[in-house]
Amino acid sequence: MEFVDFDRLQWELPALSRSFERKPFRFIVIDDFLKKDEAEKILAAYPSTTDGAWDHTTYVDQRNKFQKTKFESGSLFDRLFMELNSGKLLDWLNALSGIGPIIADPGLFGGGLHQSTKGAFLNVHVDYNIHPVTRHHRRMNLLVYLNKDWKEEYEGRLELWDMSEKKQIADIAPLFNRCVIFETNEVSFHGHPKPLNTPEGVSRKSVATYYYT
């Protein structure tokens, strides 16, 4: 495998599985998820918002977000998403969560590369639970952030909420090579509701894959 540090993830699996067990929904934050050199290559190749291949999404619950799910065969990002959807990673996610057997989505519906610019926000919400094409049940999100030198005043932190208690349970900065994995269900409320306050030329970049049963 090329990008993910599987040796480390496998070695740390027992501790990570224990850390994953949270309420009201399970999640974990893993720093340095990708191999260092590969993370640098991905950031260097990450397309700017002026690249015409982006879909500009504007919904009621979000603003100033760009998404890209189509990549040239054999390209860096094609290989990255193949690995994130590989049997090896699915087996690891099964072992982490006990959900299994987990199914990948090679079409990256809703996933892929996500990039947000100044003023962007994503209101706290729960995700759709049925894939519109395959009808598979969405069970888990995996996000890898690619933002170097991210400052607190930029906002854009991922918030996780326990809505039954009206209480925030996590406030996660989108730092470079930081991975967040969380269970998706009817109570997995999340978002980055505070509008981005980034300077010109700075965006919030991430890689997203979603998993199903």
# chains A, B, ... in the order shown; residues from 1 in each chain; ligands from 1
>>> closest_atom_pairs(of="range 125-185 of chain A", to="range 21-43 of chain A", cutoff="12 Å", atoms="only C-alpha atoms", output="Markdown table")
| residue | atom | partner | partner_atom | distance |
| --- | --- | --- | --- | --- |
| A:Val126 | CA | A:Phe25 | CA | 11.5 |
| A:Arg139 | CA | A:Arg26 | CA | 10.9 |
| A:Met140 | CA | A:Phe27 | CA | 9.3 |
| A:Asn141 | CA | A:Phe27 | CA | 9.4 |
| A:Leu142 | CA | A:Ile28 | CA | 9.8 |
| A:Leu143 | CA | A:Val29 | CA | 9.6 |
| A:Val144 | CA | A:Phe33 | CA | 7.8 |
| A:Tyr145 | CA | A:Asp31 | CA | 9.7 |
| A:Leu146 | CA | A:Leu43 | CA | 6.3 |
| A:Asn147 | CA | A:Leu43 | CA | 8.3 |
| A:Lys148 | CA | A:Leu43 | CA | 9.2 |
| A:Leu158 | CA | A:Val29 | CA | 11.1 |
| A:Glu159 | CA | A:Phe27 | CA | 11.8 |
| A:Leu160 | CA | A:Phe27 | CA | 9.2 |
| A:Trp161 | CA | A:Pro24 | CA | 8.8 |
| A:Asp162 | CA | A:Pro24 | CA | 6.4 |
| A:Met163 | CA | A:Pro24 | CA | 9.2 |
| A:Ser164 | CA | A:Pro24 | CA | 8.9 |
| A:Glu165 | CA | A:Pro24 | CA | 9.9 |
| A:Lys166 | CA | A:Pro24 | CA | 11.8 |
| A:Lys167 | CA | A:Pro24 | CA | 10.8 |
| A:Gln168 | CA | A:Pro24 | CA | 11.1 |
| A:Ile169 | CA | A:Lys23 | CA | 9.0 |
| A:Ala170 | CA | A:Phe27 | CA | 9.5 |
| A:Asp171 | CA | A:Val29 | CA | 10.8 |
| A:Ile172 | CA | A:Val29 | CA | 8.3 |
| A:Ala173 | CA | A:Val29 | CA | 10.3 |
| A:Pro174 | CA | A:Asp31 | CA | 10.5 |
| A:Leu175 | CA | A:Asp31 | CA | 8.5 |
| A:Phe176 | CA | A:Asp32 | CA | 8.0 |
| A:Asn177 | CA | A:Asp32 | CA | 5.1 |
| A:Arg178 | CA | A:Asp31 | CA | 4.3 |
| A:Cys179 | CA | A:Ile30 | CA | 5.0 |
| A:Val180 | CA | A:Val29 | CA | 4.6 |
| A:Ile181 | CA | A:Ile28 | CA | 5.4 |
| A:Phe182 | CA | A:Phe27 | CA | 4.0 |
| A:Glu183 | CA | A:Arg26 | CA | 5.4 |
| A:Thr184 | CA | A:Phe25 | CA | 7.8 |
| A:Asn185 | CA | A:Phe25 | CA | 7.9 |
>>> closest_residue(among="A:Asp91, A:Asp7, A:Glu12, A:Asp105", to="Ala208 in chain A", atoms="only C-alpha atoms")
A:Asp105
>>> select_by_dssp(residues="range 23-53 of chain A", states="strand (DSSP E or B)", output="NGL selection string")
:A and (27-31 or 34)
>>> closest_residue(among="A:Leu196, A:Leu89, A:Leu84, A:Leu113", to="Pro47 in chain A", atoms="only C-alpha atoms")
A:Leu113
>>> closest_residue(among="A:Phe189, A:Phe3, A:Phe20, A:Tyr210", to="Arg79 in chain A", atoms="only C-alpha atoms")
A:Phe3
>>> closest_residue(among="A:Val4, A:Thr69, A:Phe77, A:Leu90", to="Ala44 in chain A", atoms="only C-alpha atoms")
A:Phe77
>>> atom_distance(atom1="CA of Val207 in chain A", atom2="CA of Gly112 in chain A")
5.8 Å
>>> select_by_dssp(residues="range 22-154 of chain A", states="helix (DSSP H, G or I)", output="ChimeraX atom specification")
/A:36-45,76-84,87-97,152-154
>>> closest_residue(among="A:Leu108, A:Ala120, A:Leu16, A:Leu76", to="Val133 in chain A", atoms="only C-alpha atoms")
A:Leu108
>>> closest_residue(among="A:Gly110, A:Pro14, A:Gly119, A:Pro132", to="Ala95 in chain A", atoms="only C-alpha atoms")
A:Pro14
>>> atom_distance(atom1="CA of Phe66 in chain A", atom2="CA of Val202 in chain A")
13.7 Å
>>> decode(residues="range 62-169 of chain A", atoms="C-alpha atoms", output="compact mmCIF listing (two decimals), in the first residue's frame")
# COMPACT_ATOMS: atom_id res chain seq x y z
CA GLN A 62 -23.60 25.27 3.46
CA ARG A 63 -21.83 27.83 1.32
CA ASN A 64 -18.61 28.30 -0.69
CA LYS A 65 -17.80 24.60 -0.91
CA PHE A 66 -16.14 22.91 -3.88
CA GLN A 67 -16.21 19.15 -4.50
CA LYS A 68 -14.31 16.90 -6.92
CA THR A 69 -15.00 13.19 -7.42
CA LYS A 70 -13.62 12.41 -10.90
CA PHE A 71 -9.91 11.75 -11.39
CA GLU A 72 -7.77 10.56 -14.27
CA SER A 73 -7.10 6.82 -14.10
CA GLY A 74 -3.76 6.11 -12.47
CA SER A 75 -3.34 9.67 -11.19
CA LEU A 76 -2.25 10.46 -7.64
CA PHE A 77 -5.79 11.09 -6.41
CA ASP A 78 -7.19 8.09 -8.27
CA ARG A 79 -4.65 5.88 -6.48
CA LEU A 80 -5.34 7.57 -3.15
CA PHE A 81 -9.08 6.90 -3.31
CA MET A 82 -8.51 3.36 -4.54
CA GLU A 83 -6.47 2.76 -1.41
CA LEU A 84 -9.05 4.40 0.87
CA ASN A 85 -11.63 2.04 -0.68
CA SER A 86 -9.34 -1.00 -0.65
CA GLY A 87 -10.08 -4.30 1.05
CA LYS A 88 -7.15 -3.72 3.38
CA LEU A 89 -8.58 -0.47 4.74
CA LEU A 90 -12.11 -1.91 4.89
CA ASP A 91 -10.79 -4.81 6.97
CA TRP A 92 -9.06 -2.34 9.30
CA LEU A 93 -12.25 -0.26 9.65
CA ASN A 94 -14.20 -3.44 10.40
CA ALA A 95 -11.71 -4.30 13.14
CA LEU A 96 -11.80 -0.74 14.51
CA SER A 97 -15.57 -0.48 14.66
CA GLY A 98 -17.02 -3.99 14.72
CA ILE A 99 -19.65 -2.73 12.28
CA GLY A 100 -18.68 -4.94 9.33
CA PRO A 101 -18.75 -6.08 6.69
CA ILE A 102 -18.18 -2.55 5.40
CA ILE A 103 -18.74 -1.69 1.73
CA ALA A 104 -16.78 1.03 -0.12
CA ASP A 105 -18.24 3.52 -2.58
CA PRO A 106 -15.86 3.81 -5.57
CA GLY A 107 -18.17 6.47 -7.05
CA LEU A 108 -17.41 8.74 -4.08
CA PHE A 109 -20.99 10.03 -3.87
CA GLY A 110 -20.78 13.14 -1.68
CA GLY A 111 -17.09 12.46 -0.99
CA GLY A 112 -13.83 13.00 -2.87
CA LEU A 113 -11.92 16.25 -2.49
CA HIS A 114 -13.65 19.00 -0.51
CA GLN A 115 -12.38 22.57 -0.52
CA SER A 116 -14.00 25.56 1.20
CA THR A 117 -13.17 29.24 0.84
CA LYS A 118 -13.64 32.36 2.95
CA GLY A 119 -17.15 32.60 4.37
CA ALA A 120 -17.84 28.89 3.95
CA PHE A 121 -19.78 27.01 6.57
CA LEU A 122 -21.54 23.69 7.01
CA ASN A 123 -24.37 23.75 9.51
CA VAL A 124 -24.55 21.02 12.15
CA HIS A 125 -26.54 18.15 10.65
CA VAL A 126 -26.82 14.39 10.28
CA ASP A 127 -25.95 12.75 6.96
CA TYR A 128 -28.25 10.91 4.56
CA ASN A 129 -28.39 7.24 5.52
CA ILE A 130 -29.21 5.51 2.21
CA HIS A 131 -26.99 5.75 -0.90
CA PRO A 132 -29.22 7.04 -3.73
CA VAL A 133 -27.84 4.57 -6.29
CA THR A 134 -26.73 1.42 -4.47
CA ARG A 135 -29.28 1.73 -1.64
CA HIS A 136 -26.53 0.73 0.79
CA HIS A 137 -26.75 2.00 4.38
CA ARG A 138 -24.19 4.70 5.20
CA ARG A 139 -22.33 3.83 8.39
CA MET A 140 -19.03 5.70 8.63
CA ASN A 141 -17.18 8.81 7.41
CA LEU A 142 -13.41 9.16 7.04
CA LEU A 143 -11.97 12.66 6.59
CA VAL A 144 -8.31 13.61 6.14
CA TYR A 145 -7.49 17.31 6.45
CA LEU A 146 -4.70 18.91 4.45
CA ASN A 147 -4.26 22.35 5.99
CA LYS A 148 -0.80 23.51 7.06
CA ASP A 149 -0.29 26.36 9.52
CA TRP A 150 -4.03 26.51 10.28
CA LYS A 151 -4.73 29.32 12.73
CA GLU A 152 -7.48 29.37 15.35
CA GLU A 153 -8.91 32.60 13.96
CA TYR A 154 -9.56 30.89 10.61
CA GLU A 155 -12.45 28.96 12.24
CA GLY A 156 -13.53 25.87 10.22
CA ARG A 157 -13.21 23.46 13.15
CA LEU A 158 -15.23 20.25 12.89
CA GLU A 159 -17.85 20.24 15.64
CA LEU A 160 -19.50 17.05 16.90
CA TRP A 161 -22.68 17.43 18.95
CA ASP A 162 -24.86 15.48 21.33
CA MET A 163 -28.19 17.08 20.46
CA SER A 164 -30.11 15.19 23.13
CA GLU A 165 -28.08 17.14 25.69
CA LYS A 166 -27.52 20.23 23.46
CA LYS A 167 -23.82 19.76 24.17
CA GLN A 168 -20.76 19.90 21.93
CA ILE A 169 -18.68 16.74 22.38
